[in-house]
>>> print(open('structure-v5.csv').read())   # CSV, C-alpha atoms
chain,number,residue,atom,x,y,z
A,1,MET,CA,157.2,125.7,116.4
A,2,GLY,CA,156.7,122.5,114.5
A,3,LEU,CA,154.0,121.4,116.9
A,4,GLU,CA,152.2,124.7,116.5
A,5,ARG,CA,152.3,124.6,112.7
A,6,ASN,CA,150.9,121.0,112.8
A,7,ALA,CA,148.2,122.2,115.1
A,8,ASN,CA,147.3,125.1,112.9
A,9,LYS,CA,147.2,122.8,109.9
A,10,THR,CA,145.0,120.3,111.7
A,11,GLU,CA,142.6,123.1,112.8
A,12,ALA,CA,142.4,124.6,109.3
A,13,SER,CA,141.8,121.2,107.7
A,14,GLY,CA,139.1,120.5,110.3
A,15,LEU,CA,137.3,123.7,109.5
A,16,SER,CA,137.5,123.1,105.8
A,17,GLY,CA,136.4,119.5,106.2
A,18,SER,CA,133.4,120.6,108.3
A,19,ASP,CA,132.4,123.1,105.7
A,20,GLN,CA,132.5,120.4,103.0
A,21,THR,CA,130.6,117.9,105.1
A,22,PRO,CA,127.3,117.3,103.2
A,23,VAL,CA,124.1,118.0,105.1
A,24,LEU,CA,121.4,115.3,105.0
A,25,ARG,CA,118.3,116.1,103.0
A,26,ILE,CA,116.1,115.2,105.9
A,27,ASN,CA,117.9,117.8,108.1
A,28,GLN,CA,117.3,120.6,105.5
A,29,LEU,CA,113.6,119.6,105.1
A,30,ASP,CA,113.2,119.4,108.9
A,31,ALA,CA,114.7,123.0,109.2
A,32,LEU,CA,112.1,124.2,106.7
A,33,GLU,CA,109.3,122.5,108.6
A,34,LEU,CA,110.5,124.0,111.9
A,35,ASP,CA,110.5,127.5,110.4
A,36,SER,CA,107.0,127.0,109.0
A,37,ALA,CA,105.8,125.8,112.4
A,38,LEU,CA,107.3,128.8,114.1
A,39,GLU,CA,105.6,131.2,111.7
A,40,GLN,CA,102.3,129.5,112.3
A,41,LEU,CA,102.8,129.6,116.1
A,42,LEU,CA,103.6,133.4,116.0
A,43,TRP,CA,100.5,134.1,113.9
A,44,THR,CA,98.3,132.1,116.3
A,45,GLN,CA,99.7,133.9,119.3
A,46,PHE,CA,99.3,137.3,117.5
A,47,SER,CA,95.7,136.6,116.4
A,48,GLN,CA,94.7,135.5,119.9
A,49,CYS,CA,95.6,139.0,121.2
A,50,PHE,CA,92.5,140.2,119.1
A,51,GLN,CA,90.1,137.4,120.0
A,52,ASN,CA,87.9,139.7,122.1
A,53,CYS,CA,87.7,142.3,119.2
A,54,ARG,CA,85.3,142.4,116.3
A,55,PRO,CA,85.4,139.1,114.3
A,56,GLY,CA,87.3,139.5,111.0
A,57,LEU,CA,89.3,142.6,112.3
A,58,LEU,CA,92.6,141.2,111.0
A,59,THR,CA,91.3,139.7,107.8
A,60,PRO,CA,91.8,142.8,105.5
A,61,ALA,CA,95.4,143.3,106.6
A,62,GLU,CA,96.3,139.6,107.2
A,63,PRO,CA,98.9,139.3,104.3
A,64,GLU,CA,100.7,142.5,105.5
A,65,LEU,CA,100.7,141.3,109.2
A,66,ARG,CA,102.0,137.9,108.3
A,67,ALA,CA,104.8,139.5,106.2
A,68,LEU,CA,105.6,141.9,109.1
A,69,LEU,CA,106.0,138.9,111.5
A,70,GLN,CA,108.2,137.0,109.0
A,71,LEU,CA,110.4,140.1,108.6
A,72,LEU,CA,110.8,140.4,112.3
A,73,VAL,CA,111.8,136.8,112.6
A,74,TRP,CA,114.2,137.3,109.6
A,75,ARG,CA,115.7,140.4,111.2
A,76,PHE,CA,116.7,138.7,114.5
A,77,THR,CA,117.7,135.3,113.0
A,78,LEU,CA,118.9,135.2,109.4
A,79,TYR,CA,120.0,138.8,109.2
A,80,SER,CA,122.0,138.6,112.4
A,81,ASN,CA,123.4,135.1,112.4
A,82,SER,CA,123.0,133.8,108.8
A,83,THR,CA,120.8,131.0,110.1
A,84,THR,CA,117.1,130.5,110.7
A,85,VAL,CA,115.4,129.2,113.8
A,86,GLY,CA,115.0,125.7,112.4
A,87,GLN,CA,118.6,125.6,111.2
A,88,SER,CA,120.0,126.7,114.5
A,89,LEU,CA,118.1,123.9,116.2
A,90,LEU,CA,119.7,121.4,113.9
A,91,SER,CA,123.2,122.9,114.1
A,92,LEU,CA,123.0,124.3,110.5
A,93,ARG,CA,123.7,127.7,109.0
A,94,TYR,CA,123.9,129.3,105.6
A,95,HIS,CA,127.2,129.4,103.7
A,96,ASN,CA,128.0,132.0,101.0
A,97,LEU,CA,128.7,130.1,97.8
A,98,LEU,CA,129.6,133.2,95.8
A,99,SER,CA,132.8,133.8,97.8
A,100,SER,CA,136.0,132.5,96.4
A,101,VAL,CA,137.2,131.4,99.9
A,102,THR,CA,136.9,127.7,100.5
A,103,ARG,CA,136.3,128.2,104.3
A,104,TYR,CA,133.1,129.2,105.8
A,105,ARG,CA,131.8,132.7,104.9
A,106,PRO,CA,128.5,134.1,106.2
A,107,LEU,CA,125.9,135.5,103.8
A,108,SER,CA,126.3,139.1,102.6
A,109,ARG,CA,123.7,141.7,103.2
A,110,ARG,CA,122.6,141.5,99.5
A,111,GLN,CA,122.0,137.7,99.8
A,112,LYS,CA,120.1,138.2,103.1
A,113,TRP,CA,117.8,140.8,101.5
A,114,GLY,CA,117.4,138.6,98.4
A,115,LEU,CA,116.2,135.7,100.6
A,116,ALA,CA,113.7,138.0,102.4
A,117,LEU,CA,112.5,139.4,99.1
A,118,LEU,CA,112.1,136.0,97.4
A,119,ASN,CA,110.5,134.3,100.4
A,120,VAL,CA,108.4,137.0,102.2
A,121,GLY,CA,107.9,139.4,99.3
A,122,ALA,CA,106.8,136.7,96.7
A,123,ARG,CA,104.4,135.2,99.2
A,124,TRP,CA,102.8,138.6,100.0
A,125,PHE,CA,102.6,139.5,96.3
A,126,GLN,CA,100.9,136.2,95.5
A,127,GLU,CA,98.2,136.8,98.2
A,128,ARG,CA,97.7,140.4,97.2
A,129,SER,CA,97.7,140.0,93.4
A,130,HIS,CA,93.9,140.1,93.1
A,131,SER,CA,93.6,143.2,95.3
A,132,LEU,CA,96.4,144.9,93.3
A,133,LEU,CA,94.6,144.2,90.0
A,134,LEU,CA,91.4,145.7,91.4
A,135,CYS,CA,93.2,148.8,92.7
A,136,LEU,CA,94.9,149.2,89.3
A,137,GLY,CA,91.6,149.0,87.5
A,138,LEU,CA,90.0,151.6,89.8
A,139,SER,CA,92.9,154.0,89.5
A,140,ALA,CA,92.9,153.9,85.7
A,141,GLY,CA,89.2,154.3,85.4
A,142,GLY,CA,89.3,158.1,85.0
A,143,SER,CA,91.7,158.2,82.0
A,144,VAL,CA,90.5,155.2,80.0
A,145,SER,CA,87.2,153.6,79.2
A,146,GLU,CA,85.8,150.7,81.2
A,147,HIS,CA,86.3,148.3,78.3
A,148,ASP,CA,90.0,149.2,78.1
A,149,VAL,CA,90.3,148.8,81.9
A,150,SER,CA,88.8,145.3,81.7
A,151,LEU,CA,91.2,144.4,78.9
A,152,ILE,CA,94.2,145.6,80.9
A,153,THR,CA,93.0,143.8,84.0
A,154,GLN,CA,92.5,140.5,82.1
A,155,GLY,CA,95.9,140.9,80.5
A,156,LEU,CA,97.6,141.6,83.8
A,157,ARG,CA,95.8,138.7,85.4
A,158,LYS,CA,97.0,136.3,82.6
A,159,CYS,CA,100.5,137.6,83.1
A,160,PHE,CA,100.3,137.0,86.9
A,161,ASN,CA,99.0,133.5,86.4
A,162,LEU,CA,101.7,132.8,83.9
A,163,VAL,CA,104.5,134.1,86.2
A,164,SER,CA,103.0,132.1,89.1
A,165,SER,CA,102.8,128.9,87.0
A,166,ILE,CA,106.4,129.4,85.9
A,167,ALA,CA,107.5,129.9,89.5
A,168,HIS,CA,105.7,126.8,90.7
A,169,ILE,CA,107.2,124.7,87.9
A,170,ALA,CA,110.7,126.1,88.6
A,171,SER,CA,110.2,125.3,92.3
A,172,LEU,CA,109.2,121.7,91.4
A,173,ILE,CA,112.2,121.2,89.2
A,174,ASN,CA,114.5,122.7,91.9
A,175,PHE,CA,113.0,120.2,94.4
A,176,PHE,CA,113.8,117.3,92.1
A,177,VAL,CA,117.3,118.5,91.7
A,178,PHE,CA,117.5,118.8,95.5
A,179,LEU,CA,116.4,115.2,95.9
A,180,LYS,CA,119.2,114.1,93.5
A,181,LYS,CA,122.1,116.3,94.7
A,182,GLY,CA,121.1,117.2,98.2
A,183,GLN,CA,121.5,121.0,98.0
A,184,HIS,CA,119.2,124.0,97.9
A,185,PRO,CA,115.7,122.7,98.8
A,186,LEU,CA,114.3,126.2,98.1
A,187,LEU,CA,114.6,128.0,94.7
A,188,ALA,CA,115.5,131.2,96.6
A,189,GLU,CA,118.6,129.6,98.1
A,190,ARG,CA,119.8,128.5,94.7
A,191,ILE,CA,119.2,132.0,93.2
A,192,VAL,CA,121.1,133.9,95.9
A,193,GLY,CA,123.8,131.3,96.3
A,194,ALA,CA,123.1,130.2,99.9
A,195,GLN,CA,123.9,126.6,101.0
A,196,ALA,CA,123.1,125.0,104.3
A,197,VAL,CA,126.2,123.6,106.1
A,198,PHE,CA,126.9,122.4,109.6
A,199,SER,CA,127.7,125.1,112.1
A,200,LYS,CA,129.8,122.8,114.4
A,201,PRO,CA,132.6,120.6,113.2
A,202,ASN,CA,132.3,116.8,113.5
A,203,VAL,CA,128.6,116.9,114.1
A,204,VAL,CA,127.4,113.5,115.6
A,205,ARG,CA,123.9,112.4,115.3
A,206,ASP,CA,122.2,111.9,118.6
A,207,GLU,CA,119.7,109.5,117.1
A,208,THR,CA,120.8,106.1,115.9
A,209,TYR,CA,119.6,104.6,112.7
A,210,GLN,CA,117.7,101.9,114.6
A,211,TYR,CA,115.7,104.6,116.3
A,212,MET,CA,115.0,106.4,113.1
A,213,ASN,CA,113.9,103.2,111.3
A,214,ARG,CA,111.6,102.3,114.2
A,215,GLU,CA,110.1,105.8,114.1
A,216,LEU,CA,109.6,105.7,110.3
A,217,LEU,CA,108.0,102.2,110.7
A,218,TRP,CA,105.5,103.3,113.3
A,219,HIS,CA,104.8,106.5,111.4
A,220,GLY,CA,104.0,104.6,108.2
A,221,PHE,CA,101.9,102.1,110.2
A,222,SER,CA,99.9,104.9,111.8
A,223,GLU,CA,99.2,106.5,108.5
A,224,PHE,CA,98.1,103.2,107.1
A,225,LEU,CA,95.7,102.8,110.0
A,226,ILE,CA,94.4,106.3,109.5
A,227,PHE,CA,93.6,105.5,105.9
A,228,LEU,CA,92.2,102.0,106.6
A,229,LEU,CA,90.0,102.6,109.7
A,230,PRO,CA,87.4,104.9,108.0
A,231,LEU,CA,86.8,102.1,105.4
A,232,ILE,CA,85.9,99.5,108.1
A,233,ASN,CA,82.2,99.3,109.1
A,234,THR,CA,82.8,98.8,112.8
A,235,ARG,CA,79.1,98.4,113.6
A,236,GLN,CA,78.6,95.6,111.1
A,237,LEU,CA,81.8,93.9,112.2
A,238,LYS,CA,80.7,94.1,115.8
A,239,ALA,CA,77.3,92.6,115.0
A,240,ILE,CA,78.8,89.8,113.0
A,241,VAL,CA,81.3,88.9,115.8
A,242,SER,CA,78.6,89.0,118.4
A,243,SER,CA,76.2,86.9,116.4
A,244,PHE,CA,79.0,84.4,115.7
A,245,VAL,CA,80.1,84.2,119.4
A,246,PHE,CA,76.7,84.3,121.2
A,247,GLY,CA,74.6,83.0,118.3
A,248,ASP,CA,71.2,84.3,117.2
A,249,VAL,CA,68.9,81.3,117.5
A,250,ARG,CA,65.8,83.3,117.9
A,251,THR,CA,63.6,83.8,114.8
A,252,ASP,CA,61.1,86.5,114.2
A,253,THR,CA,58.2,84.3,115.2
A,254,GLN,CA,59.9,83.1,118.4
A,255,ALA,CA,60.8,86.7,119.2
A,256,ALA,CA,57.2,87.9,118.8
A,257,PRO,CA,56.4,87.7,122.5
A,258,GLU,CA,59.6,89.7,123.2
A,259,GLY,CA,58.7,92.4,120.7
A,260,GLN,CA,57.0,94.5,123.3
A,261,GLY,CA,60.4,95.0,125.0
A,262,LEU,CA,62.2,95.9,121.8
A,263,LEU,CA,59.7,98.6,121.1
A,264,LYS,CA,60.7,100.6,124.2
A,265,GLU,CA,64.3,101.1,123.2
A,266,CYS,CA,66.1,102.6,120.2
A,267,GLY,CA,68.8,100.3,118.8
A,268,LEU,CA,71.2,103.2,118.4
A,269,CYS,CA,70.8,105.7,121.2
A,270,GLY,CA,69.2,103.3,123.8
A,271,GLU,CA,66.4,105.8,124.6
A,272,TRP,CA,62.6,105.7,124.1
A,273,PRO,CA,62.2,105.7,120.3
A,274,THR,CA,61.1,109.1,118.9
A,275,MET,CA,59.1,108.6,115.7
A,276,PRO,CA,59.9,104.8,115.7
A,277,HIS,CA,61.1,103.3,112.4
A,278,MET,CA,62.1,99.8,111.4
A,279,VAL,CA,64.6,98.6,108.7
A,280,GLY,CA,63.3,95.1,108.1
A,281,CYS,CA,64.3,93.3,111.3
A,282,ARG,CA,62.7,93.2,114.7
A,283,HIS,CA,64.7,96.2,116.1
A,284,VAL,CA,63.2,99.7,116.4
A,285,PHE,CA,65.1,103.0,116.0
A,286,CYS,CA,64.5,106.7,116.3
A,287,TYR,CA,63.8,108.3,112.9
A,288,TYR,CA,66.8,110.7,113.2
A,289,CYS,CA,69.1,108.0,114.5
A,290,ILE,CA,68.5,105.6,111.7
A,291,LYS,CA,68.3,108.3,109.1
A,292,SER,CA,71.7,109.7,110.0
A,293,HIS,CA,73.1,106.2,110.2
A,294,SER,CA,71.8,105.4,106.7
A,295,ILE,CA,73.2,108.6,105.2
A,296,ALA,CA,76.6,107.9,106.8
A,297,GLU,CA,76.7,104.3,105.5
A,298,PRO,CA,75.5,103.6,102.0
A,299,TYR,CA,75.1,99.8,102.7
A,300,LEU,CA,72.9,99.9,105.7
A,301,THR,CA,72.9,97.0,108.1
A,302,CYS,CA,71.2,96.7,111.5
A,303,PRO,CA,73.7,97.7,114.1
A,304,LYS,CA,72.1,95.2,116.6
A,305,CYS,CA,71.8,92.0,114.6
A,306,GLY,CA,73.8,92.8,111.5
A,307,ALA,CA,71.0,91.9,109.1
A,308,GLN,CA,70.8,93.5,105.7
A,309,ALA,CA,68.5,96.5,106.2
A,310,SER,CA,66.1,98.1,103.9
A,311,GLN,CA,65.0,101.7,103.8
A,312,PRO,CA,63.6,103.0,107.1
A,313,GLU,CA,59.9,102.7,107.4
A,314,PRO,CA,57.5,103.9,110.1
A,315,LEU,CA,56.6,101.4,112.7
A,316,ARG,CA,53.1,100.0,112.3
A,317,ILE,CA,51.4,98.2,115.2
A,318,GLN,CA,48.2,96.3,114.9
A,319,VAL,CA,45.9,96.9,117.9
A,320,GLU,CA,43.1,94.4,118.5
A,321,MET,CA,40.0,95.9,120.2
A,322,LYS,CA,38.1,93.4,122.4
>>> encode(input="structure-v5.csv", output="structure tokens")
Amino acid sequence: MGLERNANKTEASGLSGSDQTPVLRINQLDALELDSALEQLLWTQFSQCFQNCRPGLLTPAEPELRALLQLLVWRFTLYSNSTTVGQSLLSLRYHNLLSSVTRYRPLSRRQKWGLALLNVGARWFQERSHSLLLCLGLSAGGSVSEHDVSLITQGLRKCFNLVSSIAHIASLINFFVFLKKGQHPLLAERIVGAQAVFSKPNVVRDETYQYMNRELLWHGFSEFLIFLLPLINTRQLKAIVSSFVFGDVRTDTQAAPEGQGLLKECGLCGEWPTMPHMVGCRHVFCYYCIKSHSIAEPYLTCPKCGAQASQPEPLRIQVEMK
């Protein structure tokens, strides 16, 4: 009997301890990203079913269709198991904070419907606010004048914009509070009293911190390269390196006998020059090649020799008649 009581106490303490185990902020944000990726994937698969139909067929009813797909996912995930798809992948679930019991309690039906209304309904209302204002103005056109309808529409639009701004500011403040305390990344979760907790006791991270640090390092380095590479003029750098390695000992006067060979090849595309133009050096380019190159790069340089180029000018050849 004593052993059984000790075992029961240990099990109860383990359950309560697992419920009180704080969930990392990154896990909660990853769950939201997974849910968003699933919604986008479902919409992509659904829209591909109508790819052979008339273009723009789903556009008039796109907000309603998106809301319907989100409600279907909500019905078979959050409504059934008190967890979303992203949370289930990360061993998380929602806990009812409004209950007086310290152990885990699933969300009530009212809380589940509240999450659906605040997430799905608010997004649909935001996308349909302009259409609703137009419908309201058309429906009231028979009883009041057009001036009154325009005033009512402007007032409602200002009210909608004010409510939307307040909601965005509240979401931003809630996110700052989440970064400080680590609970409720969404404002809807704080309103209905839903908190993400671990669904399994004594959850052990499969990834070590060394692996996470390495991934974060490479991710930051890749983003730095994505930002830096478009700022580098690779053509000019290649021309400078080639001139430094191989040298450019030939001057324009020495290269005059070789000019006939340069006139037969565009310095960019390598084909026979179409509407040949020059930029101040001995190389010749197609008009469209060098024009697009000059538009893309404000400080134009010759991609062959790296010389500072001027504005493209038509090629002029002096022909001596004997």
>>> closest_residue(input="structure-v5.csv", among="A:Val284, A:Leu231, A:Ala194, A:Val279", to="Ala296 of chain A", atoms="only C-alpha atoms")
A:Leu231
>>> closest_residue(input="structure-v5.csv", among="A:Thr102, A:Ala122, A:Asn213, A:Leu315", to="His168 of chain A", atoms="only C-alpha atoms")
A:Ala122
>>> closest_residue(input="structure-v5.csv", among="A:Arg128, A:Arg110, A:Lys200, A:Arg190", to="Arg93 of chain A", atoms="all atoms listed in the file")
A:Lys200
>>> atom_distance(input="structure-v5.csv", atom1="atom CA of Glu64 of chain A", atom2="atom CA of Glu189 of chain A")
23.3 Å
>>> residues_around(input="structure-v5.csv", residues="Cys269 of chain A", least_positions_apart="5", cutoff="9 Å", atoms="all atoms listed in the file", output="ChimeraX atom specification")
/A:285-286,289
>>> closest_residue(input="structure-v5.csv", among="A:Leu92, A:Leu58, A:Leu263, A:Val197", to="Thr21 of chain A", atoms="only C-alpha atoms")
A:Val197
>>> residues_near_point(input="structure-v5.csv", point="(66.5, 104.4, 112.5)", cutoff="8 Å", atoms="all atoms listed in the file", output="PyMOL selection string")
chain A and resi 266-268+276-279+284-294+312
>>> atom_distance(input="structure-v5.csv", atom1="atom CA of Leu172 of chain A", atom2="atom CA of Gln111 of chain A")
22.1 Å
>>> closest_residue(input="structure-v5.csv", among="A:Ile173, A:Leu68, A:Cys159, A:Leu228", to="Pro185 of chain A", atoms="all atoms listed in the file")
A:Ile173
>>> residues_around(input="structure-v5.csv", residues="Arg25 of chain A", least_positions_apart="5", cutoff="12 Å", atoms="only C-alpha atoms", output="VMD selection string")
chain A and resid 30 to 32 175 to 186 196 to 197
>>> closest_residue(input="structure-v5.csv", among="A:Ile226, A:Ile295, A:Arg103, A:Pro63", to="Ser129 of chain A", atoms="all atoms listed in the file")
A:Pro63
>>> residues_around(input="structure-v5.csv", residues="Leu34 of chain A", least_positions_apart="2", cutoff="10 Å", atoms="all atoms listed in the file", output="PyMOL selection string")
chain A and resi 28-32+36-40+84-87+89-90
>>> residues_around(input="structure-v5.csv", residues="Val120 of chain A", least_positions_apart="2", cutoff="12 Å", atoms="all atoms listed in the file", output="JSON, numbers by chain")
{"A": [39, 63, 64, 65, 66, 67, 68, 69, 70, 71, 72, 73, 74, 112, 113, 114, 115, 116, 117, 118, 122, 123, 124, 125, 126, 127, 188]}
>>> atom_distance(input="structure-v5.csv", atom1="atom CA of Leu78 of chain A", atom2="atom CA of Phe198 of chain A")
15.1 Å
>>> decode(input="structure-v5.csv", residues="segment 71-145 of chain A", atoms="C-alpha atoms", output="PDB file, in the first residue's frame")
ATOM      1  CA  LEU A  71     -12.326  26.050 -40.413  1.00  0.00           C
ATOM      2  CA  LEU A  72     -11.947  22.511 -41.759  1.00  0.00           C
ATOM      3  CA  VAL A  73      -8.425  22.303 -40.353  1.00  0.00           C
ATOM      4  CA  TRP A  74      -9.674  23.791 -37.063  1.00  0.00           C
ATOM      5  CA  ARG A  75     -12.495  21.250 -36.834  1.00  0.00           C
ATOM      6  CA  PHE A  76     -10.263  18.183 -37.143  1.00  0.00           C
ATOM      7  CA  THR A  77      -7.292  19.487 -35.120  1.00  0.00           C
ATOM      8  CA  LEU A  78      -7.966  22.159 -32.505  1.00  0.00           C
ATOM      9  CA  TYR A  79     -11.628  21.350 -31.925  1.00  0.00           C
ATOM     10  CA  SER A  80     -10.953  17.617 -31.547  1.00  0.00           C
ATOM     11  CA  ASN A  81      -7.627  17.507 -29.684  1.00  0.00           C
ATOM     12  CA  SER A  82      -7.002  21.036 -28.322  1.00  0.00           C
ATOM     13  CA  THR A  83      -3.887  21.259 -30.462  1.00  0.00           C
ATOM     14  CA  THR A  84      -2.979  22.562 -33.884  1.00  0.00           C
ATOM     15  CA  VAL A  85      -0.967  20.730 -36.513  1.00  0.00           C
ATOM     16  CA  GLY A  86       2.173  22.715 -35.751  1.00  0.00           C
ATOM     17  CA  GLN A  87       1.797  22.146 -32.014  1.00  0.00           C
ATOM     18  CA  SER A  88       1.278  18.392 -32.430  1.00  0.00           C
ATOM     19  CA  LEU A  89       4.493  18.164 -34.454  1.00  0.00           C
ATOM     20  CA  LEU A  90       6.374  19.858 -31.611  1.00  0.00           C
ATOM     21  CA  SER A  91       4.637  17.893 -28.805  1.00  0.00           C
ATOM     22  CA  LEU A  92       2.584  20.880 -27.674  1.00  0.00           C
ATOM     23  CA  ARG A  93      -1.095  21.433 -26.881  1.00  0.00           C
ATOM     24  CA  TYR A  94      -3.360  24.088 -25.417  1.00  0.00           C
ATOM     25  CA  HIS A  95      -4.054  24.224 -21.693  1.00  0.00           C
ATOM     26  CA  ASN A  96      -7.138  25.869 -20.198  1.00  0.00           C
ATOM     27  CA  LEU A  97      -5.938  28.659 -17.904  1.00  0.00           C
ATOM     28  CA  LEU A  98      -9.481  29.531 -16.793  1.00  0.00           C
ATOM     29  CA  SER A  99      -9.914  26.273 -14.900  1.00  0.00           C
ATOM     30  CA  SER A 100      -9.145  26.176 -11.190  1.00  0.00           C
ATOM     31  CA  VAL A 101      -7.453  22.758 -11.486  1.00  0.00           C
ATOM     32  CA  THR A 102      -3.646  22.871 -11.481  1.00  0.00           C
ATOM     33  CA  ARG A 103      -3.336  19.777 -13.668  1.00  0.00           C
ATOM     34  CA  TYR A 104      -3.826  19.786 -17.403  1.00  0.00           C
ATOM     35  CA  ARG A 105      -7.299  20.672 -18.661  1.00  0.00           C
ATOM     36  CA  PRO A 106      -8.212  20.822 -22.371  1.00  0.00           C
ATOM     37  CA  LEU A 107      -9.876  23.854 -23.841  1.00  0.00           C
ATOM     38  CA  SER A 108     -13.610  24.224 -23.481  1.00  0.00           C
ATOM     39  CA  ARG A 109     -15.894  24.536 -26.491  1.00  0.00           C
ATOM     40  CA  ARG A 110     -16.322  28.231 -25.818  1.00  0.00           C
ATOM     41  CA  GLN A 111     -12.570  28.779 -25.906  1.00  0.00           C
ATOM     42  CA  LYS A 112     -12.211  26.769 -29.124  1.00  0.00           C
ATOM     43  CA  TRP A 113     -14.959  28.760 -30.813  1.00  0.00           C
ATOM     44  CA  GLY A 114     -13.362  31.946 -29.503  1.00  0.00           C
ATOM     45  CA  LEU A 115     -10.028  31.059 -31.105  1.00  0.00           C
ATOM     46  CA  ALA A 116     -11.761  30.275 -34.401  1.00  0.00           C
ATOM     47  CA  LEU A 117     -13.687  33.545 -34.316  1.00  0.00           C
ATOM     48  CA  LEU A 118     -10.679  35.688 -33.418  1.00  0.00           C
ATOM     49  CA  ASN A 119      -8.296  34.032 -35.898  1.00  0.00           C
ATOM     50  CA  VAL A 120     -10.423  33.019 -38.882  1.00  0.00           C
ATOM     51  CA  GLY A 121     -13.302  35.459 -38.509  1.00  0.00           C
ATOM     52  CA  ALA A 122     -11.132  38.533 -37.905  1.00  0.00           C
ATOM     53  CA  ARG A 123      -8.977  37.745 -40.936  1.00  0.00           C
ATOM     54  CA  TRP A 124     -12.039  37.272 -43.149  1.00  0.00           C
ATOM     55  CA  PHE A 125     -13.617  40.490 -41.886  1.00  0.00           C
ATOM     56  CA  GLN A 126     -10.435  42.427 -42.599  1.00  0.00           C
ATOM     57  CA  GLU A 127     -10.295  41.145 -46.177  1.00  0.00           C
ATOM     58  CA  ARG A 128     -14.004  41.767 -46.767  1.00  0.00           C
ATOM     59  CA  SER A 129     -14.335  45.152 -45.050  1.00  0.00           C
ATOM     60  CA  HIS A 130     -14.190  47.122 -48.315  1.00  0.00           C
ATOM     61  CA  SER A 131     -16.809  44.919 -49.986  1.00  0.00           C
ATOM     62  CA  LEU A 132     -19.070  45.121 -46.940  1.00  0.00           C
ATOM     63  CA  LEU A 133     -18.920  48.916 -47.022  1.00  0.00           C
ATOM     64  CA  LEU A 134     -19.884  48.923 -50.694  1.00  0.00           C
ATOM     65  CA  CYS A 135     -22.785  46.551 -50.072  1.00  0.00           C
ATOM     66  CA  LEU A 136     -23.974  48.687 -47.159  1.00  0.00           C
ATOM     67  CA  GLY A 137     -23.921  51.801 -49.296  1.00  0.00           C
ATOM     68  CA  LEU A 138     -25.894  50.126 -52.107  1.00  0.00           C
ATOM     69  CA  SER A 139     -28.492  48.685 -49.745  1.00  0.00           C
ATOM     70  CA  ALA A 140     -29.100  52.057 -48.083  1.00  0.00           C
ATOM     71  CA  GLY A 141     -29.323  53.943 -51.355  1.00  0.00           C
ATOM     72  CA  GLY A 142     -33.104  53.694 -51.641  1.00  0.00           C
ATOM     73  CA  SER A 143     -33.961  55.218 -48.253  1.00  0.00           C
ATOM     74  CA  VAL A 144     -31.391  58.025 -47.944  1.00  0.00           C
ATOM     75  CA  SER A 145     -29.676  60.400 -50.321  1.00  0.00           C
TER      76      SER A 145
END
